[in-house]
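I have placed the structure first, in the form of structure tokens, so that the comments after it can refer back to it.
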Amino acid sequence: MGGRTRRLERAVIWAAWLFGVGGAALVGIGGFFMLARPALLPEDLCYLDRSADEIADSIPRLGRWLRRVFVVLGGYAAAAGILTIYVAATSVRDGSKGSVAVLAVAGASSIGVMTLVNIMLRSSFRWPLSFVAAVWLAATLAAAAMP
């Protein structure tokens, strides 16, 4: 009985840590979007089949508008990450199956969707995002072993 209990305790700890890492990644993604992401990445220009100058000439205020959009998006990503870290450190660590279900759905609808879209676009960010999605999936699977 003692060995099984220790394995279950380890599953809870692993799930909490992995969800925490996923949350920290969301905070990092949010910070990137708020502070460093340019309005148009080189891959955006490639997808649009236009140069930065062509876009600036034809839609002069687009860059400023997109910058604001990305600040908002980054704020939401950071907020989701902060909430994930909190839930991982409290409810998941306490063994709450409900919190794991919420985090699994939140991960699928946040980093999961972001990853799938980046894969479809063949984005340069598809592999780092895939890694974060894999961490989230690993956290969910580790939590499945919880009592």
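Residue numbers start at 1 in each chain; chains themselves are named A, B, ... in the order of the structure tokens; ligands are numbered from 1 in the order shown.
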Residues near stretch 68-71 of chain A, cut-off 8 Å, only C-alpha atoms, skip fewer than 4 positions along chain, as a PyMOL selection string:
chain A and resi 33-35+37+39+64+75
Name the residues in contact with A:Val21 at a cut-off of 9 Å, using only C-alpha atoms, excluding same-chain residues fewer than 6 positions from it; report them as a PyMOL selection string.
chain A and resi 85+132+135-136
Given the selection you just returned, output its residues as a file containing N, CA and C atoms, formatted as an mmCIF file, in the first residue's frame.
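Result file is result.cif:
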```cif
data_model
loop_
_atom_site.group_PDB
_atom_site.id
_atom_site.type_symbol
_atom_site.label_atom_id
_atom_site.label_comp_id
_atom_site.auth_asym_id
_atom_site.auth_seq_id
_atom_site.Cartn_x
_atom_site.Cartn_y
_atom_site.Cartn_z
ATOM 1 N N ILE A 85 -0.708 28.682 -13.183
ATOM 2 C CA ILE A 85 0.306 28.466 -12.141
ATOM 3 C C ILE A 85 -0.355 28.390 -10.771
ATOM 4 N N VAL A 132 5.450 23.095 -25.821
ATOM 5 C CA VAL A 132 4.613 23.559 -24.702
ATOM 6 C C VAL A 132 3.315 22.753 -24.651
ATOM 7 N N VAL A 135 4.038 19.439 -23.106
ATOM 8 C CA VAL A 135 4.163 19.545 -21.642
ATOM 9 C C VAL A 135 2.775 19.547 -21.018
ATOM 10 N N TRP A 136 1.854 20.291 -21.607
ATOM 11 C CA TRP A 136 0.488 20.365 -21.088
ATOM 12 C C TRP A 136 -0.179 18.988 -21.149
#
```
From a DSSP calculation on the backbone, collect every residue of stretch 56-138 of chain A in alpha helix (DSSP H) and output the set as a ChimeraX atom specification.
/A:56-58,62-87,97-107,113-120,126-138
Go ahead and dump the residues you just picked, C-alpha atoms, as a PDB file, in the first residue's frame.
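Here's the written file part27.pdb:
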```pdb
ATOM      1  CA  ALA A  56       2.754  50.082 -44.919  1.00  0.00           C
ATOM      2  CA  ASP A  57       1.977  51.996 -48.116  1.00  0.00           C
ATOM      3  CA  SER A  58      -1.417  50.391 -48.686  1.00  0.00           C
ATOM      4  CA  LEU A  62      -2.181  48.539 -39.719  1.00  0.00           C
ATOM      5  CA  GLY A  63       1.092  48.161 -37.808  1.00  0.00           C
ATOM      6  CA  ARG A  64      -0.038  50.399 -34.951  1.00  0.00           C
ATOM      7  CA  TRP A  65      -3.411  48.654 -34.765  1.00  0.00           C
ATOM      8  CA  LEU A  66      -1.867  45.155 -34.787  1.00  0.00           C
ATOM      9  CA  ARG A  67       0.571  46.212 -32.061  1.00  0.00           C
ATOM     10  CA  ARG A  68      -2.406  47.060 -29.825  1.00  0.00           C
ATOM     11  CA  VAL A  69      -4.157  43.819 -30.709  1.00  0.00           C
ATOM     12  CA  PHE A  70      -1.052  41.855 -29.715  1.00  0.00           C
ATOM     13  CA  VAL A  71      -0.768  43.722 -26.406  1.00  0.00           C
ATOM     14  CA  VAL A  72      -4.338  42.640 -25.599  1.00  0.00           C
ATOM     15  CA  LEU A  73      -3.683  39.063 -26.743  1.00  0.00           C
ATOM     16  CA  GLY A  74      -0.484  38.968 -24.710  1.00  0.00           C
ATOM     17  CA  GLY A  75      -2.308  40.204 -21.634  1.00  0.00           C
ATOM     18  CA  TYR A  76      -4.824  37.399 -21.952  1.00  0.00           C
ATOM     19  CA  ALA A  77      -2.093  34.793 -22.447  1.00  0.00           C
ATOM     20  CA  ALA A  78      -0.182  36.072 -19.408  1.00  0.00           C
ATOM     21  CA  ALA A  79      -3.371  36.092 -17.318  1.00  0.00           C
ATOM     22  CA  ALA A  80      -4.170  32.512 -18.364  1.00  0.00           C
ATOM     23  CA  GLY A  81      -0.630  31.496 -17.429  1.00  0.00           C
ATOM     24  CA  ILE A  82      -0.808  33.175 -14.019  1.00  0.00           C
ATOM     25  CA  LEU A  83      -4.122  31.461 -13.267  1.00  0.00           C
ATOM     26  CA  THR A  84      -2.696  28.128 -14.443  1.00  0.00           C
ATOM     27  CA  ILE A  85       0.306  28.466 -12.141  1.00  0.00           C
ATOM     28  CA  TYR A  86      -1.972  29.285  -9.204  1.00  0.00           C
ATOM     29  CA  VAL A  87      -4.326  26.356  -9.848  1.00  0.00           C
ATOM     30  CA  LYS A  97      -9.633  16.160 -10.282  1.00  0.00           C
ATOM     31  CA  GLY A  98     -11.957  19.032 -11.208  1.00  0.00           C
ATOM     32  CA  SER A  99      -9.071  21.475 -11.439  1.00  0.00           C
ATOM     33  CA  VAL A 100      -7.199  19.046 -13.683  1.00  0.00           C
ATOM     34  CA  ALA A 101     -10.216  18.815 -15.989  1.00  0.00           C
ATOM     35  CA  VAL A 102     -10.426  22.618 -16.141  1.00  0.00           C
ATOM     36  CA  LEU A 103      -6.697  22.923 -16.895  1.00  0.00           C
ATOM     37  CA  ALA A 104      -6.910  20.214 -19.572  1.00  0.00           C
ATOM     38  CA  VAL A 105      -9.733  22.079 -21.349  1.00  0.00           C
ATOM     39  CA  ALA A 106      -7.983  25.438 -20.859  1.00  0.00           C
ATOM     40  CA  GLY A 107      -4.785  24.005 -22.342  1.00  0.00           C
ATOM     41  CA  VAL A 113      -5.393  25.834 -30.639  1.00  0.00           C
ATOM     42  CA  MET A 114      -2.420  28.190 -30.951  1.00  0.00           C
ATOM     43  CA  THR A 115      -0.156  25.235 -31.766  1.00  0.00           C
ATOM     44  CA  LEU A 116      -2.523  23.731 -34.341  1.00  0.00           C
ATOM     45  CA  VAL A 117      -2.948  27.046 -36.159  1.00  0.00           C
ATOM     46  CA  ASN A 118       0.826  27.601 -36.184  1.00  0.00           C
ATOM     47  CA  ILE A 119       1.310  24.096 -37.606  1.00  0.00           C
ATOM     48  CA  MET A 120      -1.276  24.786 -40.330  1.00  0.00           C
ATOM     49  CA  ARG A 126       5.249  25.641 -34.494  1.00  0.00           C
ATOM     50  CA  TRP A 127       7.941  23.498 -32.830  1.00  0.00           C
ATOM     51  CA  PRO A 128       8.417  25.537 -29.634  1.00  0.00           C
ATOM     52  CA  LEU A 129       4.630  25.752 -29.305  1.00  0.00           C
ATOM     53  CA  SER A 130       4.357  21.993 -29.924  1.00  0.00           C
ATOM     54  CA  PHE A 131       6.772  21.452 -27.038  1.00  0.00           C
ATOM     55  CA  VAL A 132       4.613  23.559 -24.702  1.00  0.00           C
ATOM     56  CA  ALA A 133       1.492  21.678 -25.842  1.00  0.00           C
ATOM     57  CA  ALA A 134       3.306  18.383 -25.175  1.00  0.00           C
ATOM     58  CA  VAL A 135       4.163  19.545 -21.642  1.00  0.00           C
ATOM     59  CA  TRP A 136       0.488  20.365 -21.088  1.00  0.00           C
ATOM     60  CA  LEU A 137      -0.529  16.937 -22.399  1.00  0.00           C
ATOM     61  CA  ALA A 138       2.075  15.265 -20.155  1.00  0.00           C
TER      62      ALA A 138
END
```
To one decimal place in Å, what is the distance between atom CA of A:Leu45 and atom CA of A:Arg122?
13.2 Å
Atom CA of A:Ala145 and atom CA of A:Gly3, how far apart in Å?
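Value for the atom CA of A:Gly3-atom CA of A:Ala145 distance: 13.9 Å.
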Write out as a PDB file with C-alpha atoms, in the first residue's frame the residues lying within 8 Å of A:Val12, counting only C-alpha atoms and excluding same-chain residues fewer than 3 positions away.
```pdb
ATOM      1  CA  LEU A   8       0.191   8.514  -6.576  1.00  0.00           C
ATOM      2  CA  GLU A   9       1.790  11.340  -4.592  1.00  0.00           C
ATOM      3  CA  ALA A  15       1.139  17.001 -12.688  1.00  0.00           C
ATOM      4  CA  ALA A  16       1.363  20.173 -10.593  1.00  0.00           C
ATOM      5  CA  VAL A  92      -3.830  20.279  -8.494  1.00  0.00           C
ATOM      6  CA  ARG A  93      -1.300  19.842  -5.719  1.00  0.00           C
ATOM      7  CA  ASP A  94      -4.209  19.082  -3.361  1.00  0.00           C
ATOM      8  CA  GLY A  95      -5.372  16.352  -5.766  1.00  0.00           C
ATOM      9  CA  ALA A 142       0.320  12.530 -15.106  1.00  0.00           C
ATOM     10  CA  ALA A 143      -2.818  13.849 -13.434  1.00  0.00           C
ATOM     11  CA  ALA A 145      -2.834   8.716 -12.363  1.00  0.00           C
ATOM     12  CA  MET A 146      -3.998  10.823  -9.407  1.00  0.00           C
TER      13      MET A 146
END
```
Would you compute the distance between atom CA of A:Glu43 and atom CA of A:Ser123? Give it in Å to one decimal.
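About the pair atom CA of A:Glu43 and atom CA of A:Ser123: they are 6.8 Å apart.
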